$ cat coords.cif   # mmCIF, C-alpha atoms and all ligand atoms
data_protein
loop_
_atom_site.label_atom_id
_atom_site.label_comp_id
_atom_site.auth_asym_id
_atom_site.auth_seq_id
_atom_site.Cartn_x
_atom_site.Cartn_y
_atom_site.Cartn_z
CA MET A 1 72.38 -46.55 -86.99
CA LEU A 2 72.62 -45.47 -90.58
CA SER A 3 70.38 -42.84 -91.95
CA ARG A 4 70.33 -41.10 -95.26
CA LEU A 5 71.04 -37.41 -95.29
CA GLY A 6 71.03 -36.00 -98.79
CA ARG A 7 73.47 -38.08 -100.81
CA PHE A 8 75.52 -39.12 -97.85
CA PHE A 9 75.18 -41.84 -95.31
CA VAL A 10 75.99 -40.56 -91.88
CA LEU A 11 76.29 -42.17 -88.53
CA SER A 12 73.72 -40.31 -86.56
CA THR A 13 72.09 -41.75 -83.50
CA SER A 14 73.97 -43.94 -81.14
CA TYR A 15 72.54 -44.88 -77.83
CA ILE A 16 71.92 -48.00 -75.86
CA ALA A 17 68.30 -48.54 -74.95
CA ASN A 18 67.67 -50.81 -71.99
CA TYR A 19 64.15 -52.17 -71.80
CA GLY A 20 63.02 -54.12 -68.78
CA TYR A 21 63.13 -54.01 -65.03
CA ALA A 22 64.79 -55.22 -61.87
CA ASP A 23 62.91 -56.98 -59.12
CA GLY A 24 63.78 -59.00 -56.04
CA SER A 25 64.88 -61.96 -58.16
CA GLY A 26 67.21 -60.18 -60.57
CA GLU A 27 67.61 -57.80 -63.48
CA TYR A 28 65.80 -58.43 -66.72
CA TYR A 29 66.85 -56.06 -69.46
CA VAL A 30 66.97 -56.47 -73.22
CA SER A 31 69.17 -53.77 -74.68
CA ILE A 32 69.41 -52.58 -78.23
CA ASP A 33 72.43 -50.69 -79.45
CA SER A 34 71.08 -48.15 -81.92
CA GLU A 35 74.50 -47.70 -83.49
CA LYS A 36 74.61 -51.37 -84.50
CA CYS A 37 70.91 -51.74 -85.30
CA ASN A 38 70.27 -51.19 -89.01
CA ALA A 39 66.49 -51.51 -88.69
CA CYS A 40 66.47 -54.61 -90.89
CA GLY A 41 63.55 -56.02 -88.91
CA GLU A 42 64.89 -59.59 -88.84
CA CYS A 43 64.30 -59.80 -85.10
CA ILE A 44 60.56 -59.27 -85.50
CA PRO A 45 59.63 -62.63 -87.03
CA ALA A 46 62.50 -64.39 -85.27
CA CYS A 47 61.12 -63.76 -81.80
CA PRO A 48 58.39 -66.29 -80.98
CA MET A 49 56.91 -63.87 -78.44
CA HIS A 50 56.85 -60.94 -80.89
CA ILE A 51 58.48 -58.49 -78.51
CA PHE A 52 60.24 -56.37 -81.13
CA GLN A 53 59.08 -53.71 -83.50
CA VAL A 54 60.94 -51.25 -85.69
CA GLU A 55 59.93 -47.64 -85.38
CA GLU A 56 61.20 -44.11 -85.84
CA ASP A 57 63.11 -42.92 -82.81
CA ASP A 58 63.14 -39.44 -81.29
CA TYR A 59 65.87 -38.26 -83.63
CA GLY A 60 64.12 -39.37 -86.79
CA ASP A 61 66.03 -42.63 -87.35
CA MET A 62 64.58 -46.12 -87.55
CA ALA A 63 65.52 -48.63 -84.87
CA ALA A 64 64.20 -51.76 -83.20
CA VAL A 65 62.49 -51.36 -79.83
CA VAL A 66 60.97 -53.75 -77.30
CA LYS A 67 57.21 -53.24 -77.29
CA GLU A 68 55.89 -51.51 -74.21
CA SER A 69 53.46 -54.34 -73.51
CA HIS A 70 56.35 -56.75 -72.90
CA ARG A 71 58.75 -54.58 -70.93
CA LYS A 72 57.37 -55.49 -67.53
CA SER A 73 57.38 -59.23 -67.99
CA LEU A 74 60.60 -60.08 -69.87
CA LYS A 75 61.68 -62.68 -67.34
CA TYR A 76 58.64 -64.78 -68.20
CA VAL A 77 58.38 -63.80 -71.85
CA CYS A 78 61.89 -64.98 -72.64
CA ALA A 79 61.91 -67.98 -70.31
CA PRO A 80 60.98 -70.58 -72.98
CA CYS A 81 63.98 -69.49 -75.12
CA LYS A 82 66.50 -69.72 -72.31
CA PRO A 83 67.89 -73.12 -71.39
CA THR A 84 68.87 -73.45 -67.73
CA SER A 85 72.10 -75.14 -68.82
CA GLY A 86 74.04 -75.86 -71.98
CA VAL A 87 74.51 -73.76 -75.08
CA ARG A 88 72.39 -70.68 -75.34
CA ASN A 89 71.17 -69.84 -78.76
CA LEU A 90 68.57 -67.12 -78.59
CA PRO A 91 66.49 -66.70 -81.77
CA CYS A 92 66.62 -62.92 -81.50
CA GLN A 93 70.41 -62.80 -81.28
CA LYS A 94 70.80 -65.37 -84.05
CA ALA A 95 68.61 -63.28 -86.35
CA CYS A 96 70.38 -60.01 -85.60
CA LYS A 97 73.42 -59.97 -87.88
CA PRO A 98 74.98 -56.77 -86.51
CA GLY A 99 74.75 -58.07 -82.94
CA ALA A 100 72.65 -55.21 -81.65
CA ILE A 101 70.64 -57.22 -79.09
CA VAL A 102 72.00 -58.02 -75.62
CA HIS A 103 70.22 -59.73 -72.72
CA SER A 104 71.26 -58.91 -69.16
CA TRP A 105 70.40 -62.33 -67.75
CA MET B 106 30.96 -29.35 -42.08
CA THR B 107 34.29 -31.10 -42.20
CA THR B 108 36.78 -30.75 -44.94
CA GLN B 109 38.99 -33.62 -45.78
CA VAL B 110 42.65 -32.78 -45.92
CA GLU B 111 44.51 -34.22 -48.83
CA TYR B 112 48.06 -34.71 -47.66
CA TRP B 113 49.43 -35.69 -51.01
CA ARG B 114 48.44 -32.46 -52.62
CA TRP B 115 51.19 -30.22 -53.91
CA THR B 116 50.55 -26.80 -55.35
CA GLU B 117 49.83 -26.33 -58.98
CA SER B 118 51.78 -23.41 -60.34
CA ARG B 119 52.61 -21.23 -63.28
CA TYR B 120 55.36 -18.83 -64.28
CA THR B 121 55.89 -16.04 -66.78
CA ASN B 122 59.38 -14.86 -67.62
CA PRO B 123 59.20 -11.06 -67.23
CA GLU B 124 62.26 -10.58 -69.43
CA VAL B 125 60.73 -12.05 -72.55
CA ASP B 126 58.39 -10.18 -74.89
CA TRP B 127 56.76 -12.79 -77.09
CA ARG B 128 55.47 -10.18 -79.49
CA LYS B 129 59.03 -9.62 -80.61
CA ALA B 130 59.76 -13.31 -81.06
CA SER B 131 59.81 -14.88 -84.49
CA THR B 132 58.79 -18.36 -83.34
CA ILE B 133 56.64 -19.58 -80.48
CA THR B 134 56.65 -23.28 -79.67
CA ALA B 135 55.60 -25.44 -76.75
CA GLY B 136 56.25 -28.76 -75.09
CA ILE B 137 53.59 -30.55 -73.08
CA ASP B 138 54.58 -33.35 -70.74
CA VAL B 139 51.59 -35.38 -69.58
CA GLY B 140 52.84 -37.57 -66.77
CA SER B 141 50.89 -39.98 -64.63
CA VAL B 142 50.75 -37.58 -61.70
CA SER B 143 51.44 -34.11 -63.09
CA SER B 144 51.07 -32.39 -66.45
CA LYS B 145 53.47 -29.67 -67.48
CA ALA B 146 53.56 -27.22 -70.38
CA ALA B 147 56.47 -24.97 -71.33
CA VAL B 148 56.14 -22.23 -73.92
CA MET B 149 59.19 -20.93 -75.71
CA ALA B 150 59.71 -17.64 -77.54
CA ASP B 151 62.69 -18.23 -79.86
CA ASN B 152 65.37 -19.52 -77.49
CA GLU B 153 63.87 -18.35 -74.23
CA ILE B 154 61.35 -19.92 -71.91
CA LEU B 155 58.39 -17.59 -71.91
CA ALA B 156 56.01 -19.32 -69.51
CA TYR B 157 55.11 -22.62 -67.98
CA GLY B 158 52.25 -24.32 -66.18
CA LEU B 159 52.36 -27.26 -63.79
CA MET B 160 49.07 -29.03 -63.04
CA ARG B 161 47.83 -32.27 -61.65
CA THR B 162 47.01 -34.84 -64.35
CA GLY B 163 43.27 -35.39 -64.66
CA SER B 164 41.33 -38.41 -65.81
CA ASN B 165 42.39 -38.15 -69.45
CA SER B 166 45.43 -36.96 -71.39
CA PRO B 167 43.83 -34.48 -73.83
CA ASP B 168 42.17 -32.49 -71.03
CA SER B 169 45.26 -32.63 -68.84
CA ALA B 170 47.40 -31.34 -71.69
CA LEU B 171 44.95 -28.55 -72.44
CA ASN B 172 44.79 -27.59 -68.76
CA ALA B 173 48.56 -27.35 -68.53
CA ILE B 174 48.98 -25.26 -71.67
CA ASN B 175 46.07 -22.97 -70.75
CA ARG B 176 47.60 -22.41 -67.35
CA ALA B 177 50.97 -21.66 -68.93
CA ILE B 178 49.63 -19.01 -71.30
CA GLU B 179 47.26 -17.47 -68.73
CA GLY B 180 47.85 -13.73 -68.47
CA THR B 181 50.54 -13.69 -71.17
CA GLY B 182 48.20 -12.48 -73.90
CA LEU B 183 49.11 -15.52 -75.99
CA THR B 184 46.46 -17.74 -77.52
CA MET B 185 46.82 -21.29 -78.76
CA LYS B 186 46.86 -19.90 -82.30
CA ASP B 187 50.14 -18.11 -81.59
CA ILE B 188 51.90 -21.37 -80.78
CA LYS B 189 53.26 -22.66 -84.05
CA PHE B 190 54.34 -26.15 -83.08
CA ILE B 191 53.71 -28.34 -80.04
CA VAL B 192 55.58 -31.49 -79.07
CA GLY B 193 53.87 -33.92 -76.71
CA THR B 194 55.87 -36.05 -74.29
CA GLY B 195 55.41 -38.18 -71.18
CA TYR B 196 53.18 -41.08 -70.41
CA GLY B 197 50.15 -39.52 -72.17
CA ARG B 198 52.04 -38.14 -75.19
CA ILE B 199 50.23 -40.10 -77.88
CA ASN B 200 46.88 -38.73 -76.75
CA ILE B 201 47.49 -35.03 -77.21
CA PRO B 202 45.43 -34.09 -80.26
CA PHE B 203 46.97 -30.64 -80.81
CA ALA B 204 50.58 -31.84 -80.62
CA GLY B 205 52.37 -31.99 -83.97
CA LYS B 206 54.66 -34.79 -82.83
CA ALA B 207 55.17 -37.12 -79.87
CA ILE B 208 58.69 -37.60 -78.53
CA THR B 209 59.61 -39.87 -75.64
CA GLU B 210 60.27 -38.37 -72.23
CA ILE B 211 63.73 -39.93 -72.37
CA ALA B 212 64.84 -37.65 -75.20
CA CYS B 213 62.91 -34.65 -73.82
CA HIS B 214 64.37 -34.91 -70.32
CA ALA B 215 67.90 -35.10 -71.70
CA ARG B 216 67.29 -32.10 -73.91
CA GLY B 217 65.60 -30.13 -71.13
CA ALA B 218 68.31 -30.95 -68.57
CA ASN B 219 70.93 -29.77 -71.06
CA TYR B 220 69.04 -26.48 -71.36
CA ILE B 221 68.53 -26.00 -67.62
CA TRP B 222 71.93 -27.13 -66.31
CA GLY B 223 74.09 -26.67 -69.37
CA PRO B 224 76.35 -28.99 -71.41
CA VAL B 225 78.15 -30.49 -68.37
CA VAL B 226 75.26 -32.83 -67.66
CA ARG B 227 75.95 -36.51 -68.48
CA THR B 228 73.51 -38.44 -66.29
CA ILE B 229 69.91 -37.57 -65.61
CA LEU B 230 67.91 -39.29 -62.95
CA ASP B 231 64.26 -38.71 -63.56
CA MET B 232 62.12 -39.71 -60.63
CA GLY B 233 58.61 -39.24 -61.81
CA GLY B 234 55.10 -40.08 -60.72
CA GLN B 235 55.04 -43.59 -62.03
CA ASP B 236 58.51 -44.64 -63.02
CA CYS B 237 62.13 -43.91 -62.56
CA LYS B 238 64.67 -43.46 -65.34
CA ALA B 239 68.39 -43.15 -65.68
CA ILE B 240 69.52 -41.38 -68.86
CA HIS B 241 72.99 -40.66 -70.24
CA CYS B 242 73.46 -37.84 -72.70
CA ASP B 243 76.21 -36.04 -74.58
CA GLU B 244 77.14 -32.36 -74.40
CA LYS B 245 74.32 -31.51 -76.77
CA GLY B 246 71.67 -33.21 -74.67
CA LYS B 247 71.39 -36.14 -77.05
CA VAL B 248 70.67 -39.50 -75.43
CA THR B 249 73.54 -42.02 -75.40
CA ALA B 250 71.89 -44.66 -73.18
CA PHE B 251 68.82 -45.05 -71.07
CA LEU B 252 67.15 -47.41 -68.71
CA MET B 253 63.80 -47.21 -67.04
CA ASN B 254 62.22 -49.24 -64.36
CA ASP B 255 58.50 -49.11 -64.80
CA LYS B 256 57.63 -52.28 -63.02
CA CYS B 257 56.30 -50.90 -59.78
CA ALA B 258 55.28 -47.67 -58.04
CA ALA B 259 57.42 -47.92 -54.90
CA GLY B 260 60.29 -45.73 -56.04
CA THR B 261 58.03 -43.06 -57.45
CA GLY B 262 55.93 -40.02 -56.75
CA ARG B 263 52.81 -42.12 -56.51
CA GLY B 264 54.43 -44.24 -53.80
CA MET B 265 55.47 -41.11 -51.93
CA GLU B 266 51.90 -39.82 -52.07
CA VAL B 267 50.64 -43.06 -50.57
CA PHE B 268 53.09 -42.65 -47.68
CA ALA B 269 52.27 -38.98 -47.13
CA ASP B 270 48.63 -39.89 -46.96
CA LEU B 271 49.21 -42.81 -44.62
CA LEU B 272 51.16 -40.69 -42.17
CA GLN B 273 49.01 -37.59 -42.70
CA VAL B 274 52.01 -35.48 -43.56
CA PRO B 275 51.90 -32.86 -46.35
CA ILE B 276 53.96 -34.27 -49.21
CA THR B 277 56.12 -31.16 -49.42
CA GLN B 278 57.33 -31.77 -45.85
CA VAL B 279 58.15 -35.45 -46.22
CA GLY B 280 61.79 -34.85 -47.12
CA GLU B 281 62.54 -32.45 -44.25
CA MET B 282 60.80 -34.62 -41.68
CA SER B 283 62.60 -37.74 -42.83
CA LEU B 284 65.90 -36.04 -41.99
CA GLN B 285 64.85 -35.26 -38.43
CA VAL B 286 65.85 -38.60 -36.99
CA ASP B 287 68.52 -39.39 -34.42
CA LYS B 288 69.54 -42.57 -36.14
CA GLU B 289 69.01 -43.64 -39.74
CA PRO B 290 66.64 -46.62 -39.74
CA PRO B 291 67.08 -49.52 -42.16
CA PRO B 292 65.16 -48.93 -45.42
CA VAL B 293 61.73 -50.51 -45.83
CA SER B 294 62.33 -53.80 -47.57
CA SER B 295 59.31 -54.01 -49.86
CA THR B 296 59.75 -52.82 -53.40
CA CYS B 297 56.02 -52.88 -54.06
CA VAL B 298 54.07 -49.89 -52.79
CA VAL B 299 51.18 -51.99 -51.48
CA PHE B 300 53.55 -54.03 -49.33
CA ALA B 301 55.61 -51.00 -48.38
CA LYS B 302 52.44 -49.37 -47.10
CA SER B 303 51.57 -52.29 -44.84
CA GLU B 304 55.19 -52.40 -43.72
CA GLY B 305 54.84 -48.72 -42.79
CA ILE B 306 51.65 -49.43 -40.83
CA GLY B 307 53.48 -52.22 -39.01
CA LEU B 308 56.36 -49.93 -38.06
CA LEU B 309 53.96 -47.30 -36.69
CA ARG B 310 52.30 -49.97 -34.56
CA GLN B 311 55.70 -50.92 -33.20
CA GLY B 312 55.99 -47.37 -31.97
CA TRP B 313 58.20 -45.85 -34.68
CA SER B 314 57.81 -42.09 -35.07
CA LYS B 315 56.44 -40.68 -38.31
CA ASN B 316 59.86 -39.25 -39.05
CA MET B 317 61.49 -42.65 -38.68
CA VAL B 318 58.99 -44.32 -41.00
CA LEU B 319 59.51 -41.56 -43.59
CA ALA B 320 63.26 -41.94 -43.24
CA ALA B 321 62.97 -45.67 -43.89
CA TYR B 322 60.87 -45.03 -46.98
CA CYS B 323 63.02 -42.22 -48.41
CA SER B 324 66.11 -44.32 -47.96
CA ALA B 325 64.46 -47.27 -49.76
CA MET B 326 63.65 -44.97 -52.66
CA ALA B 327 67.19 -43.63 -52.84
CA HIS B 328 68.51 -47.17 -52.82
CA ARG B 329 66.29 -48.21 -55.70
CA VAL B 330 67.62 -45.43 -57.88
CA VAL B 331 71.18 -46.42 -57.07
CA THR B 332 70.40 -49.96 -58.24
CA LEU B 333 69.24 -48.56 -61.57
CA LEU B 334 72.50 -46.65 -61.87
CA GLU B 335 74.55 -49.73 -61.18
CA ARG B 336 73.26 -51.29 -64.38
CA ILE B 337 73.71 -48.31 -66.72
CA GLY B 338 76.74 -46.76 -65.00
CA MET B 339 77.25 -43.38 -63.46
CA GLU B 340 78.74 -40.61 -65.53
CA LYS B 341 79.47 -37.32 -63.84
CA GLU B 342 77.90 -34.77 -63.79
CA PHE B 343 74.46 -35.87 -62.71
CA VAL B 344 71.20 -34.00 -62.18
CA LEU B 345 67.79 -34.86 -60.86
CA THR B 346 64.50 -34.15 -62.59
CA GLY B 347 60.91 -35.12 -61.83
CA GLY B 348 58.80 -34.53 -58.75
CA ILE B 349 60.91 -36.54 -56.31
CA SER B 350 63.92 -34.34 -57.10
CA LYS B 351 62.31 -31.82 -54.74
CA ASN B 352 62.35 -34.26 -51.86
CA ILE B 353 65.48 -33.43 -49.87
CA GLY B 354 65.11 -36.64 -47.86
CA VAL B 355 65.52 -38.79 -50.97
CA VAL B 356 68.05 -36.55 -52.70
CA SER B 357 70.45 -36.27 -49.76
CA ARG B 358 70.37 -40.03 -49.16
CA LEU B 359 70.96 -40.66 -52.82
CA GLU B 360 73.97 -38.33 -52.89
CA LYS B 361 75.33 -40.02 -49.80
CA GLU B 362 75.01 -43.49 -51.26
CA LEU B 363 76.57 -42.41 -54.56
CA GLY B 364 79.29 -40.43 -52.82
CA ILE B 365 78.79 -37.45 -55.16
CA GLN B 366 76.55 -34.43 -55.26
CA ALA B 367 74.05 -33.53 -57.93
CA VAL B 368 74.83 -30.42 -59.98
CA PRO B 369 72.92 -27.59 -58.28
CA LEU B 370 70.44 -25.51 -60.21
CA PRO B 371 72.17 -22.47 -61.76
CA LYS B 372 71.66 -19.38 -59.59
CA ASP B 373 69.76 -17.36 -62.19
CA GLN B 374 67.58 -20.35 -63.01
CA LYS B 375 63.92 -19.84 -62.33
CA PHE B 376 62.67 -23.08 -63.81
CA ASP B 377 61.39 -25.90 -61.76
CA PRO B 378 63.41 -29.05 -62.60
CA GLN B 379 60.12 -30.86 -62.86
CA LEU B 380 59.69 -28.91 -66.11
CA ALA B 381 62.70 -30.51 -67.82
CA GLY B 382 60.59 -32.79 -70.03
CA ALA B 383 58.26 -30.01 -71.17
CA ILE B 384 61.19 -27.68 -71.85
CA GLY B 385 62.91 -30.41 -73.88
CA GLY B 386 59.68 -30.87 -75.82
CA ALA B 387 59.50 -27.14 -76.60
CA LEU B 388 63.12 -27.24 -77.84
CA PHE B 389 62.37 -30.21 -80.11
CA ALA B 390 59.30 -28.33 -81.36
CA ARG B 391 61.46 -25.34 -82.21
CA ASP B 392 63.91 -27.50 -84.19
CA LEU B 393 61.17 -29.38 -86.00
CA LEU B 394 59.53 -26.13 -87.00
CA ALA B 395 62.81 -24.69 -88.26
CA LYS B 396 63.44 -27.87 -90.26
CA SER B 397 59.99 -27.84 -91.86
CA ARG B 398 60.36 -24.18 -92.79
CA LYS B 399 63.67 -24.92 -94.45
CA ALA B 400 62.12 -27.75 -96.44
CA PHE B 401 59.67 -25.44 -98.16
S1 LIG C 501 64.95 -64.68 -75.94
FE1 LIG C 501 63.28 -65.44 -77.24
S2 LIG C 501 61.45 -64.44 -76.47
FE2 LIG C 501 63.20 -63.32 -75.65
S3 LIG C 501 63.55 -61.69 -77.12
FE3 LIG C 501 64.88 -63.36 -77.75
S4 LIG C 501 63.66 -64.51 -79.22
FE4 LIG C 501 62.23 -63.18 -78.14
S1 LIG C 502 67.59 -57.75 -86.21
FE1 LIG C 502 69.09 -56.47 -85.14
S2 LIG C 502 69.67 -54.94 -86.67
FE2 LIG C 502 67.77 -55.87 -87.39
S3 LIG C 502 66.13 -54.56 -86.59
FE3 LIG C 502 66.41 -56.20 -85.10
S4 LIG C 502 67.88 -55.33 -83.65
FE4 LIG C 502 67.99 -54.04 -85.45
#
$ encode --input "coords.cif" --output "structure tokens" --more "lines below"
Ligand code: SF4
Ligand code: SF4
Amino acid sequence: MLSRLGRFFVLSTSYIANYGYADGSGEYYVSIDSEKCNACGECIPACPMHIFQVEEDDYGDMAAVVKESHRKSLKYVCAPCKPTSGVRNLPCQKACKPGAIVHSW
Amino acid sequence: MTTQVEYWRWTESRYTNPEVDWRKASTITAGIDVGSVSSKAAVMADNEILAYGLMRTGSNSPDSALNAINRAIEGTGLTMKDIKFIVGTGYGRINIPFAGKAITEIACHARGANYIWGPVVRTILDMGGQDCKAIHCDEKGKVTAFLMNDKCAAGTGRGMEVFADLLQVPITQVGEMSLQVDKEPPPVSSTCVVFAKSEGIGLLRQGWSKNMVLAAYCSAMAHRVVTLLERIGMEKEFVLTGGISKNIGVVSRLEKELGIQAVPLPKDQKFDPQLAGAIGGALFARDLLAKSRKAF
């Protein structure tokens, strides 16, 4: 993501954070690409289950994360947003202009 | 009087690097990694590891952190006052009152692995007390991707302790014993430690030897880690950190399933790989201190 260093904007952190788990029924990960995430915070109000927050990461940059309290139950948390058939239009992905949010299922 | 044997118990330890004289160092920093099972503290004098302590985590994070750091500095002549900056990491990192900053164990393990094994490391598998993580990093030890599975205790140190206790086998011997089988049994199928335990009891009743049951459990653990890697991808070279990295039964099965070997510890390396997170924390502390000094 972008961070300000003196007068210059530099590309600093870039990592893909996978939050979630795998169990007998499948893999449930929401990943955030820190290089694309600009910390705009649009995903926070967009998600009806309030799973996102923006915070400073380990390298001093701001980025969206999935709250710890939701990481173990994503399959159920996101279920209401995910149609079993037809067009998928997740509120989180719609809100995220840079396309930083990916769901594994 | 009878004494109850605790089979899960591993030895707490400490280490002082005889080659480092902290009195000559310009900066002393520390990293404290409070995990769910063990608490570790590493103290750094400039760029060298000066001492470390490895203790069992107690009932609360502040005391566990203090225990670990006190154990690390024991006999070195150092006092807490001499340590200029402390970074807290691990499960209990936000509850360490004397830490100047909390940094996730993801970043600290990558940094620490880079220090211990050198810049070749690209994938770190951290098998800790309560969760299991796969981390990718660049040649500087900076995280490029991570994934953790914190859903359940089966693939973790805690799960291993439950099995050691069930079979009344000292935890440090689990790995060796699990390799002493004529034929590799199928892995236990349960991913939840509670179910895995009853599965283990069932197998014993069917007449399986202890070694066979341990083999089935170690192989299930190895398989779980491989599943994590399938999602995030495997980048060579890989290393293992965390308590389970000392279990040869899990490690050898993991290497077999992956078809590649973990990078061995460098020959002159005296640091326990379980210390990777604390060492990474101490390195972050050193950088943060240098940065704040520059700012003034
Ligand atoms: S799918 Fe729905 S509940 Fe899940 S993260 Fe996106 S907006 Fe939130
Ligand atoms: S909406 Fe996208 S870019 Fe904005 S904070 Fe959320 S993840 Fe980052």
$ residues_near_point --input "coords.cif" --point "(59.4, -44.9, -58.4)" --cutoff "12 Å" --atoms "only C-alpha atoms" --output "JSON, numbers by chain"
{"A": [21], "B": [141, 142, 230, 231, 232, 233, 234, 235, 236, 237, 238, 239, 253, 254, 255, 256, 257, 258, 259, 260, 261, 262, 263, 264, 265, 266, 267, 296, 297, 298, 322, 323, 325, 326, 327, 328, 329, 330, 331, 333, 347, 348, 349, 350, 355]}
$ axis_aligned_box --input "coords.cif" --around "ligand LIG 502 (chain C)" --padding-each-side "6 Å" --output "JSON"
{"center_x": 67.9, "center_y": -55.9, "center_z": -85.5, "size_x": 15.5, "size_y": 15.7, "size_z": 15.7}
$ atom_distance --input "coords.cif" --atom1 "CA of Ser118 in chain B" --atom2 "CA of Glu281 in chain B"
21.4 Å
$ interface_residues --input "coords.cif" --of "chain A" --to "chain B" --cutoff "6 Å" --atoms "only C-alpha atoms" --output "tab-separated table (two decimals) with C-alpha atoms, in the coordinates of the input"
chain	number	residue	atom	x	y	z
A	15	TYR	CA	72.54	-44.88	-77.83
A	16	ILE	CA	71.92	-48.00	-75.86
A	17	ALA	CA	68.30	-48.54	-74.95
A	18	ASN	CA	67.67	-50.81	-71.99
A	21	TYR	CA	63.13	-54.01	-65.03
A	58	ASP	CA	63.14	-39.44	-81.29
A	72	LYS	CA	57.37	-55.49	-67.53
$ closest_atom_pairs --input "coords.cif" --of "chain A" --to "ligand LIG 502 (chain C)" --cutoff "7 Å" --atoms "only C-alpha atoms and all ligand atoms" --output "Markdown table"
| residue | atom | partner | partner_atom | distance |
| --- | --- | --- | --- | --- |
| A:Ile32 | CA | C:LIG502 | S4 | 6.3 |
| A:Lys36 | CA | C:LIG502 | S2 | 6.5 |
| A:Cys37 | CA | C:LIG502 | S2 | 3.7 |
| A:Asn38 | CA | C:LIG502 | S2 | 4.5 |
| A:Ala39 | CA | C:LIG502 | S3 | 3.7 |
| A:Cys40 | CA | C:LIG502 | FE2 | 3.9 |
| A:Gly41 | CA | C:LIG502 | S3 | 3.8 |
| A:Glu42 | CA | C:LIG502 | S1 | 4.2 |
| A:Cys43 | CA | C:LIG502 | S1 | 4.0 |
| A:Ile44 | CA | C:LIG502 | FE3 | 6.6 |
| A:Val54 | CA | C:LIG502 | S3 | 6.2 |
| A:Ala63 | CA | C:LIG502 | FE4 | 6.0 |
| A:Ala64 | CA | C:LIG502 | S3 | 4.8 |
| A:Ala95 | CA | C:LIG502 | S1 | 5.6 |
| A:Cys96 | CA | C:LIG502 | S1 | 3.6 |
| A:Lys97 | CA | C:LIG502 | FE1 | 6.2 |
| A:Pro98 | CA | C:LIG502 | S2 | 5.6 |
| A:Gly99 | CA | C:LIG502 | FE1 | 6.3 |
| A:Ala100 | CA | C:LIG502 | FE1 | 5.1 |
| A:Ile101 | CA | C:LIG502 | S4 | 5.7 |
$ residues_near_ligand --input "coords.cif" --ligand "ligand LIG 501 (chain C)" --cutoff "8 Å" --atoms "only C-alpha atoms and all ligand atoms" --output "PyMOL selection string"
chain A and resi 30+43+46-52+74+77-82+90-93+103
$ atom_distance --input "coords.cif" --atom1 "CA of Trp115 in chain B" --atom2 "CA of Thr346 in chain B"
16.4 Å
$ atom_distance --input "coords.cif" --atom1 "CA of Ser31 in chain A" --atom2 "CA of Glu55 in chain A"
15.4 Å
$ residues_around --input "coords.cif" --residues "Ala170 in chain B" --least-positions-apart "4" --cutoff "12 Å" --atoms "all atoms listed in the file" --output "count of residues only"
40
$ closest_residue --input "coords.cif" --among "A:Ser104, A:Ser25, A:Ser34, A:Thr84" --to "Val65 in chain A" --atoms "all atoms listed in the file"
A:Ser34
$ residues_near_point --input "coords.cif" --point "(51.2, -38.3, -42.1)" --cutoff "10 Å" --atoms "only C-alpha atoms" --output "list in words"
Tyr112, Trp113, Val267, Phe268, Ala269, Asp270, Leu271, Leu272, Gln273, Val274, Pro275, Ile276, Gln278, Val279, Lys315, Asn316, Val318 and Leu319 of chain B
$ residues_around --input "coords.cif" --residues "Arg71 in chain A" --least-positions-apart "5" --cutoff "7 Å" --atoms "all atoms listed in the file" --output "VMD selection string"
chain A and resid 19 to 20 66
$ closest_residue --input "coords.cif" --among "B:Gly338, B:Pro224, B:Gly305, B:Pro123" --to "Gly180 in chain B" --atoms "only C-alpha atoms"
B:Pro123
$ closest_residue --input "coords.cif" --among "B:Val344, B:Ala156, B:Ala130, B:Ala173" --to "Val225 in chain B" --atoms "only C-alpha atoms"
B:Val344
